[in-house]
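One file, entry.csv, carrying CSV, C-alpha atoms and all ligand atoms:
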```csv
chain,number,residue,atom,x,y,z
A,905,MET,CA,109.4,77.6,80.6
A,906,PRO,CA,110.7,80.7,82.4
A,907,LEU,CA,109.3,84.0,80.9
A,908,VAL,CA,111.9,86.7,81.6
A,909,ARG,CA,111.1,90.4,81.7
A,910,ILE,CA,113.8,92.9,82.5
A,911,ASP,CA,113.0,96.5,83.1
A,912,ILE,CA,116.0,98.9,82.6
A,913,VAL,CA,116.6,102.6,82.1
A,914,LYS,CA,116.5,103.5,78.4
A,915,GLY,CA,119.8,104.2,76.6
A,916,LYS,CA,121.9,101.0,77.0
A,917,SER,CA,123.9,99.6,74.0
A,918,LYS,CA,122.8,96.6,72.0
A,919,GLU,CA,125.8,94.7,73.3
A,920,TYR,CA,124.9,95.5,77.0
A,921,LYS,CA,121.4,94.2,76.4
A,922,LYS,CA,122.5,91.0,74.7
A,923,ASN,CA,124.9,90.4,77.6
A,924,LEU,CA,122.2,90.9,80.1
A,925,LEU,CA,119.8,88.5,78.5
A,926,ASP,CA,122.6,85.9,78.0
A,927,SER,CA,123.6,86.2,81.7
A,928,VAL,CA,120.0,85.4,82.9
A,929,HIS,CA,119.6,82.6,80.4
A,930,GLU,CA,122.9,80.9,81.3
A,931,ALA,CA,122.1,81.2,85.0
A,932,LEU,CA,118.7,79.5,84.5
A,933,ILE,CA,120.3,76.7,82.5
A,934,GLU,CA,122.7,76.1,85.4
A,935,ALA,CA,120.2,76.6,88.3
A,936,PHE,CA,117.0,75.2,86.9
A,937,GLY,CA,118.4,72.8,84.3
A,938,ILE,CA,116.3,74.4,81.5
A,939,GLU,CA,117.1,73.6,77.8
A,940,ASP,CA,119.0,76.1,75.7
A,941,TRP,CA,116.0,76.5,73.3
A,942,ASP,CA,113.7,77.4,76.3
A,943,ARG,CA,114.3,81.1,76.0
A,944,PHE,CA,111.4,83.6,76.3
A,945,GLN,CA,113.0,87.0,77.3
A,946,ARG,CA,112.3,90.6,76.8
A,947,ILE,CA,113.9,93.9,77.9
A,948,VAL,CA,111.6,96.8,78.5
A,949,GLU,CA,113.4,100.1,78.3
A,950,ILE,CA,111.9,102.9,80.4
A,951,ASP,CA,112.7,106.7,80.2
A,952,ARG,CA,114.6,107.7,83.3
A,953,ASP,CA,111.8,110.2,84.1
A,954,ASP,CA,109.2,107.4,84.1
A,955,PHE,CA,111.2,105.0,86.3
A,956,GLU,CA,111.0,105.7,90.0
A,957,PHE,CA,113.4,103.9,92.4
A,958,PRO,CA,114.9,104.8,95.8
A,959,GLU,CA,117.9,107.0,96.3
A,960,GLY,CA,121.2,105.0,96.4
A,961,LYS,CA,120.4,103.1,93.2
A,962,THR,CA,122.1,104.1,90.0
A,963,ASP,CA,120.9,104.4,86.4
A,964,ASN,CA,121.9,100.7,86.0
A,965,PHE,CA,119.0,99.7,88.3
A,966,MET,CA,117.0,96.8,86.9
A,967,ILE,CA,114.0,94.7,87.9
A,968,ILE,CA,114.2,91.1,86.6
A,969,GLU,CA,110.8,89.3,86.7
A,970,LEU,CA,110.8,85.5,86.1
A,971,THR,CA,107.5,83.8,85.6
A,972,VAL,CA,108.0,80.1,86.0
A,973,PHE,CA,106.1,76.8,86.5
A,974,PRO,CA,105.5,76.2,90.2
A,975,GLY,CA,107.6,73.6,92.0
A,976,ARG,CA,111.2,74.7,92.0
A,977,THR,CA,112.8,74.2,95.4
A,978,ASN,CA,114.0,77.0,97.6
A,979,GLU,CA,117.6,75.9,97.0
A,980,GLN,CA,117.1,76.1,93.2
A,981,LYS,CA,115.7,79.6,93.5
A,982,LYS,CA,118.5,80.8,95.8
A,983,ASP,CA,121.0,79.3,93.3
A,984,ALA,CA,119.3,81.1,90.4
A,985,ILE,CA,119.3,84.4,92.3
A,986,ASP,CA,123.0,84.0,93.1
A,987,LYS,CA,124.0,83.1,89.6
A,988,ILE,CA,121.9,85.8,87.8
A,989,THR,CA,123.3,88.5,90.2
A,990,ASN,CA,126.9,87.3,89.9
A,991,LYS,CA,126.9,86.9,86.1
A,992,ILE,CA,125.4,90.3,85.5
A,993,SER,CA,127.6,92.0,88.0
A,994,ASP,CA,130.8,90.4,86.6
A,995,ARG,CA,130.0,91.0,82.9
A,996,LEU,CA,128.5,94.5,83.1
A,997,SER,CA,130.2,95.8,86.3
A,998,ILE,CA,126.8,96.4,88.0
A,999,ALA,CA,126.5,96.7,91.7
A,1000,PHE,CA,124.4,94.0,93.5
A,1001,THR,CA,122.3,96.8,94.9
A,1002,ASP,CA,121.1,97.6,91.4
A,1003,ILE,CA,119.7,94.1,90.7
A,1004,PHE,CA,116.2,93.2,91.9
A,1005,ILE,CA,114.9,89.7,91.1
A,1006,ILE,CA,111.4,88.3,91.6
A,1007,PHE,CA,109.9,84.9,90.8
A,1008,ASN,CA,106.2,84.6,90.0
A,1009,GLU,CA,104.8,81.0,90.1
A,1010,PRO,CA,101.3,81.0,88.7
A,1011,PRO,CA,99.6,77.6,89.0
A,1012,LEU,CA,99.7,75.4,85.9
A,1013,GLU,CA,96.0,76.0,85.1
A,1014,ASN,CA,96.9,79.7,84.5
A,1015,TRP,CA,99.2,78.9,81.6
A,1016,GLY,CA,97.8,78.8,78.1
A,1017,MET,CA,100.3,77.8,75.5
A,1018,GLY,CA,99.6,77.2,71.8
A,1019,GLY,CA,95.9,77.2,72.5
A,1020,THR,CA,96.1,74.6,75.3
A,1021,GLN,CA,95.7,75.1,79.0
A,1022,LYS,CA,98.7,73.6,80.7
A,1023,SER,CA,96.7,72.0,83.5
A,1024,THR,CA,93.2,71.8,84.7
A,1025,GLY,CA,94.3,71.8,88.3
A,1026,LYS,CA,92.9,68.3,88.8
A,1027,VAL,CA,94.6,65.7,91.0
A,1028,TYR,CA,94.7,61.9,90.6
A,1029,LEU,CA,95.5,59.0,92.9
A,1030,VAL,CA,98.1,56.5,91.9
A,1031,LYS,CA,99.7,53.5,93.6
A,1032,PRO,CA,103.3,54.3,94.6
A,1033,ASP,CA,105.8,52.5,92.4
A,1034,LEU,CA,109.5,52.5,91.4
A,1035,THR,CA,109.1,55.2,88.8
A,1036,PHE,CA,108.5,57.8,91.5
A,1037,PHE,CA,111.9,57.3,93.2
A,1038,ASP,CA,113.4,60.7,92.2
A,1039,GLN,CA,110.2,62.6,92.7
A,1040,TYR,CA,109.6,61.0,96.1
A,1041,ASN,CA,113.1,62.0,97.2
A,1042,ASP,CA,112.6,65.5,95.8
A,1043,MET,CA,109.3,65.9,97.6
A,1044,MET,CA,110.6,64.5,100.9
A,1045,ASN,CA,113.7,66.8,100.8
A,1046,GLU,CA,111.4,69.7,100.4
A,1047,TRP,CA,109.1,68.5,103.2
A,1048,CYS,CA,112.0,67.9,105.6
A,1049,VAL,CA,113.5,71.4,104.9
A,1050,SER,CA,110.1,73.0,105.6
A,1051,GLY,CA,110.0,71.5,109.1
A,1052,THR,CA,106.2,71.0,108.8
A,1053,GLN,CA,104.4,67.8,109.9
A,1054,ILE,CA,104.9,64.8,107.6
A,1055,ALA,CA,101.7,62.8,106.9
A,1056,PRO,CA,100.3,60.4,106.1
A,1057,TRP,CA,102.1,57.7,108.1
A,1058,PHE,CA,104.0,56.0,105.3
A,1059,LEU,CA,105.9,59.1,104.2
A,1060,ASN,CA,109.4,59.4,105.6
A,1061,ASN,CA,112.9,60.7,104.9
A,1062,PRO,CA,114.3,60.5,101.3
A,1063,PHE,CA,115.9,57.1,100.4
A,1064,ASN,CA,119.6,56.8,99.6
A,1065,THR,CA,119.3,54.0,97.1
A,1066,LEU,CA,116.7,52.6,94.7
A,1067,GLU,CA,116.9,49.3,96.6
A,1068,GLU,CA,115.8,50.9,99.9
A,1069,TYR,CA,113.0,52.6,98.0
A,1070,ALA,CA,112.0,49.3,96.4
A,1071,GLN,CA,111.7,47.8,100.0
A,1072,PHE,CA,109.4,50.7,100.9
A,1073,ILE,CA,107.2,50.0,97.9
A,1074,LYS,CA,107.1,46.3,98.9
A,1075,MET,CA,106.1,47.2,102.5
A,1076,LEU,CA,103.2,49.3,101.2
A,1077,ASP,CA,102.0,46.4,99.2
A,1078,MET,CA,102.2,44.1,102.2
A,1079,CYS,CA,100.2,46.6,104.3
A,1080,GLU,CA,97.5,46.5,101.7
A,1081,HIS,CA,97.3,42.8,101.2
A,1082,SER,CA,98.5,41.3,104.5
A,1083,THR,CA,96.3,38.5,105.9
A,1084,SER,CA,98.1,38.2,109.2
A,1085,LYS,CA,96.4,39.7,112.2
A,1086,SER,CA,98.2,42.7,113.6
A,1087,ALA,CA,97.6,45.8,115.7
A,1088,TYR,CA,97.2,47.8,112.5
A,1089,SER,CA,94.5,47.8,109.9
A,1090,THR,CA,95.3,46.8,106.4
A,1091,THR,CA,95.8,50.0,104.5
A,1092,THR,CA,95.9,51.3,100.9
A,1093,SER,CA,98.4,54.0,100.1
A,1094,TYR,CA,98.3,56.4,97.2
A,1095,PHE,CA,100.4,59.2,95.8
A,1096,VAL,CA,98.6,62.3,94.7
A,1097,ILE,CA,99.7,63.6,91.3
A,1098,ASP,CA,98.7,66.3,88.8
A,1099,GLU,CA,98.0,65.5,85.2
A,1100,THR,CA,101.6,66.1,84.2
A,1101,GLY,CA,102.6,63.3,86.7
A,1102,ARG,CA,104.1,65.7,89.2
A,1103,LEU,CA,104.0,64.3,92.7
A,1104,LEU,CA,102.0,66.6,94.9
A,1105,GLY,CA,101.4,64.6,98.1
A,1106,ALA,CA,100.1,61.3,99.5
A,1107,THR,CA,97.1,59.8,101.2
A,1108,SER,CA,96.2,56.5,102.9
A,1109,LEU,CA,93.0,54.6,103.7
A,1110,ARG,CA,92.7,52.2,106.6
A,1111,HIS,CA,90.2,49.5,105.6
A,1112,TYR,CA,88.7,49.2,109.1
A,1113,LEU,CA,89.1,50.8,112.5
A,1114,THR,CA,91.1,49.2,115.2
A,1115,GLU,CA,90.5,50.3,118.8
A,1116,ASP,CA,93.3,52.9,118.5
A,1117,GLY,CA,92.1,54.0,115.1
A,1118,PHE,CA,88.6,54.5,116.4
A,1119,ASN,CA,89.9,56.6,119.3
A,1120,THR,CA,92.3,58.8,117.3
A,1121,TRP,CA,93.2,59.1,113.6
A,1122,GLY,CA,90.4,57.2,112.0
A,1123,HIS,CA,90.4,55.9,108.4
A,1124,ILE,CA,92.1,58.5,106.2
A,1125,GLY,CA,95.4,60.4,106.4
A,1126,TYR,CA,96.8,62.9,103.8
A,1127,GLY,CA,99.5,65.4,103.2
A,1128,ILE,CA,100.4,67.8,100.4
A,1129,ARG,CA,104.0,68.9,99.8
A,1130,PRO,CA,104.8,72.4,101.1
A,1131,SER,CA,105.2,74.1,97.7
A,1132,GLU,CA,101.8,72.9,96.5
A,1133,ARG,CA,99.6,73.8,99.5
A,1134,ARG,CA,96.6,76.2,99.5
A,1135,LYS,CA,95.6,75.2,96.0
A,1136,GLY,CA,92.7,73.0,97.0
A,1137,TYR,CA,94.7,69.7,96.5
A,1138,ALA,CA,94.0,68.3,99.9
A,1139,VAL,CA,90.2,68.8,99.5
A,1140,GLN,CA,90.3,67.2,96.1
A,1141,SER,CA,92.4,64.3,97.4
A,1142,LEU,CA,90.1,63.6,100.3
A,1143,LYS,CA,87.1,63.6,98.0
A,1144,LEU,CA,88.8,61.0,95.8
A,1145,MET,CA,89.6,59.0,98.9
A,1146,LEU,CA,86.0,59.1,100.1
A,1147,GLU,CA,85.1,57.4,96.8
A,1148,GLN,CA,87.7,54.7,97.5
A,1149,ALA,CA,86.2,54.2,100.9
A,1150,LYS,CA,82.8,53.9,99.4
A,1151,ALA,CA,84.1,51.3,97.0
A,1152,LYS,CA,85.3,49.3,100.0
A,1153,ASN,CA,81.8,49.4,101.5
A,1154,ILE,CA,82.7,51.7,104.3
A,1155,LYS,CA,79.6,53.6,105.3
A,1156,LYS,CA,81.0,56.2,107.6
A,1157,VAL,CA,84.6,57.6,107.5
A,1158,LEU,CA,86.3,58.7,110.7
A,1159,ILE,CA,89.1,61.3,110.5
A,1160,GLY,CA,91.1,62.6,113.4
A,1161,VAL,CA,93.1,65.8,113.2
A,1162,HIS,CA,95.1,67.8,115.7
A,1163,GLU,CA,93.2,70.8,117.1
A,1164,GLY,CA,95.9,73.2,116.0
A,1165,ASN,CA,96.0,71.9,112.4
A,1166,ILE,CA,93.5,74.4,111.0
A,1167,ALA,CA,94.3,73.5,107.3
A,1168,SER,CA,93.5,69.9,108.1
A,1169,TRP,CA,90.2,70.3,109.9
A,1170,LYS,CA,89.1,72.9,107.3
A,1171,THR,CA,89.8,70.2,104.7
A,1172,VAL,CA,87.7,67.6,106.6
A,1173,GLU,CA,84.8,70.1,107.1
A,1174,LYS,CA,84.9,71.1,103.4
A,1175,CYS,CA,84.4,67.4,102.6
A,1176,GLY,CA,81.3,67.1,104.9
A,1177,GLY,CA,83.0,66.2,108.2
A,1178,VAL,CA,80.9,66.5,111.3
A,1179,LEU,CA,82.7,67.0,114.5
A,1180,GLU,CA,82.0,64.3,117.0
A,1181,ASN,CA,84.2,65.3,119.9
A,1182,THR,CA,87.7,66.4,120.9
A,1183,VAL,CA,89.9,63.8,122.7
A,1184,HIS,CA,93.2,63.8,124.5
A,1185,VAL,CA,95.5,60.8,124.2
A,1186,ALA,CA,98.4,59.9,126.5
A,1187,GLY,CA,101.8,61.2,125.2
A,1188,ASP,CA,100.2,63.8,122.9
A,1189,ASP,CA,100.1,67.4,124.1
A,1190,GLU,CA,97.6,68.4,121.5
A,1191,ALA,CA,93.9,67.5,121.5
A,1192,ILE,CA,92.5,65.5,118.5
A,1193,ARG,CA,89.3,66.5,116.8
A,1194,ARG,CA,87.3,63.4,115.6
A,1195,TYR,CA,85.1,63.9,112.6
A,1196,TRP,CA,82.7,61.6,110.9
A,1197,ILE,CA,81.8,61.8,107.2
A,1198,GLU,CA,78.7,59.9,106.1
A,1199,LEU,CA,79.0,58.2,102.7
A,1200,ASN,CA,75.8,57.8,100.8
B,1301,LIG,C1,96.7,69.9,105.9
B,1301,LIG,C2,97.1,69.9,104.4
B,1301,LIG,C3,97.0,68.5,103.9
B,1301,LIG,C4,96.3,70.9,103.7
B,1301,LIG,O1,96.6,70.9,102.3
B,1301,LIG,P1,96.3,72.0,101.3
B,1301,LIG,O2,96.4,71.4,99.9
B,1301,LIG,O3,97.0,73.2,101.5
B,1301,LIG,O4,94.7,72.3,101.6
B,1301,LIG,P2,93.7,72.9,100.6
B,1301,LIG,O5,94.4,73.9,99.7
B,1301,LIG,O6,92.8,71.9,100.0
B,1301,LIG,O7,92.8,73.8,101.6
B,1301,LIG,C5,91.9,73.2,102.5
B,1301,LIG,C6,91.3,74.3,103.4
B,1301,LIG,O8,92.3,74.7,104.4
B,1301,LIG,C7,92.6,76.1,104.3
B,1301,LIG,N1,94.0,76.2,104.6
B,1301,LIG,C8,95.0,75.7,104.0
B,1301,LIG,N2,96.2,76.0,104.6
B,1301,LIG,C9,95.8,76.8,105.6
B,1301,LIG,C10,96.5,77.5,106.6
B,1301,LIG,N3,97.9,77.4,106.7
B,1301,LIG,N4,95.9,78.2,107.6
B,1301,LIG,C11,94.5,78.3,107.5
B,1301,LIG,N5,93.8,77.7,106.6
B,1301,LIG,C12,94.4,76.9,105.7
B,1301,LIG,C13,92.2,76.5,102.9
B,1301,LIG,O9,92.0,77.8,102.8
B,1301,LIG,C14,91.0,75.6,102.6
B,1301,LIG,O10,89.9,76.2,103.3
B,1301,LIG,P3,88.9,77.2,102.5
B,1301,LIG,O11,88.6,76.5,101.2
B,1301,LIG,O12,87.7,77.3,103.4
B,1301,LIG,O13,89.6,78.5,102.3
B,1301,LIG,C15,98.6,70.5,104.3
B,1301,LIG,O14,98.7,71.6,105.0
B,1301,LIG,C16,99.6,69.5,104.8
B,1301,LIG,O15,100.1,68.6,104.1
B,1301,LIG,N6,100.0,69.6,106.1
B,1301,LIG,C17,101.1,68.7,106.7
B,1301,LIG,C18,100.5,67.3,106.8
B,1301,LIG,C19,99.2,67.3,107.6
B,1301,LIG,O16,99.1,68.0,108.6
B,1301,LIG,N7,98.3,66.4,107.2
B,1301,LIG,C20,97.0,66.2,107.9
B,1301,LIG,C21,97.3,65.3,109.0
B,1301,LIG,S1,95.7,64.8,109.8
```
I'd like the structure from this file rewritten - as structure tokens, please.
Amino acid sequence: MPLVRIDIVKGKSKEYKKNLLDSVHEALIEAFGIEDWDRFQRIVEIDRDDFEFPEGKTDNFMIIELTVFPGRTNEQKKDAIDKITNKISDRLSIAFTDIFIIFNEPPLENWGMGGTQKSTGKVYLVKPDLTFFDQYNDMMNEWCVSGTQIAPWFLNNPFNTLEEYAQFIKMLDMCEHSTSKSAYSTTTSYFVIDETGRLLGATSLRHYLTEDGFNTWGHIGYGIRPSERRKGYAVQSLKLMLEQAKAKNIKKVLIGVHEGNIASWKTVEKCGGVLENTVHVAGDDEAIRRYWIELN
């Protein structure tokens, strides 16, 4: 649902304006895969006297604002910028320096369409299954490109085939239901989604603490994909996980976070975490903050 607004200097022909709108629309079909009907565009014509822009630009200068649903990857946006610029430049002989493009990505709860709010901004926990294959790969591609820490433990690189992904789903199921004694606790893993089913991140709950678990990372791990951070999703996910822990009769949840991971320890503190201590473990340069959360 891209909403396109193009500000131009007044005085262009009808044909020029049609070409401009068509160029942007075709570029979005190619780069974002939108449908042909999905076209909400307007041109705003401004008297030259009312339109200030720096020297060096010509009267062909334009600002193209695209308001879109959040979640497109950096590659898709780069592709859209390249395609829009090239098409306009080719068809209307406009210099690249006269074309400015900006994407706005308001969260889904800010969209009201046909009297309905697009999303309430709520998140949900679901068990990972085969239907998430494409979304999982998309999320992990985004995560790997960002270079940020990947957590919880079960997230990994994208899978090449559905068969490999199916093995991963099977492994998660075994981790939850295994009865064999091992160095690791049994663990329940969840994907975090919004109400449209978009994959936002993941979280996991260890059912009990092993000695290592007690000394370091505790019961719960979580992570939110880079494009969806700072929207309160980690806090919401952790609150839902605390309910899961309660349902398993866990009275006190331990969570360990790296000292430098401010976003993570703020998340724990917002969910009632009380700092017990800071520990150093062999092989890890960074100290770990250990937090307890009492479950009533
Ligand atoms: C840690 C992580 C899960 C936070 O996810 P998020 O959805 O952005 O977090 P939220 O939006 O719920 O924000 C939680 C708090 O952290 C703060 N915060 C988020 N990102 C921040 C940042 N980069 N710097 C400082 N504070 C930050 C938020 O402002 C909020 O605090 P506030 O409400 O007091 O302002 C996310 O950054 C992530 O996935 N990181 C990589 C994986 C990871 O480190 N997981 C934790 C391992 S223990």
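Near segment 1018-1023 of chain A, within 12 Å and counting all atoms listed in the file, sit Met905, Phe973, Pro974, Pro1010, Pro1011, Leu1012, Ile1097, Asp1098, Glu1099, Thr1100, Gly1101 and Arg1102 of chain A, not including residues fewer than 6 positions from it in the same chain.
Note that the spacing between atom CA of Thr989 of chain A and atom CA of Val928 of chain A amounts to 8.6 Å.
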**OP:** May I ask which of the residues A:Gln1053, A:Phe1118, A:Ala1149, A:Asp1188 is the closest one to ligand LIG 1301 (chain B), counting all atoms listed in the file?
**Re:** A:Gln1053
**OP:** Can you tell me which residues come within 10 Å of ligand LIG 1301 (chain B) when counting only C-alpha atoms and all ligand atoms, ideally as a VMD selection string?
**Re:** chain A and resid 1047 1051 to 1057 1104 to 1107 1121 to 1122 1124 to 1142 1159 to 1175 1192 to 1193
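Interatomic distance, atom CA of Asn1119 of chain A against atom CA of Phe1095 of chain A: 25.9 Å.
Of the listed residues (A:Pro1062, A:Asn1008, A:Phe1000, A:Leu1076), A:Leu1076 comes nearest to Lys1031 of chain A; the distances count only C-alpha atoms.
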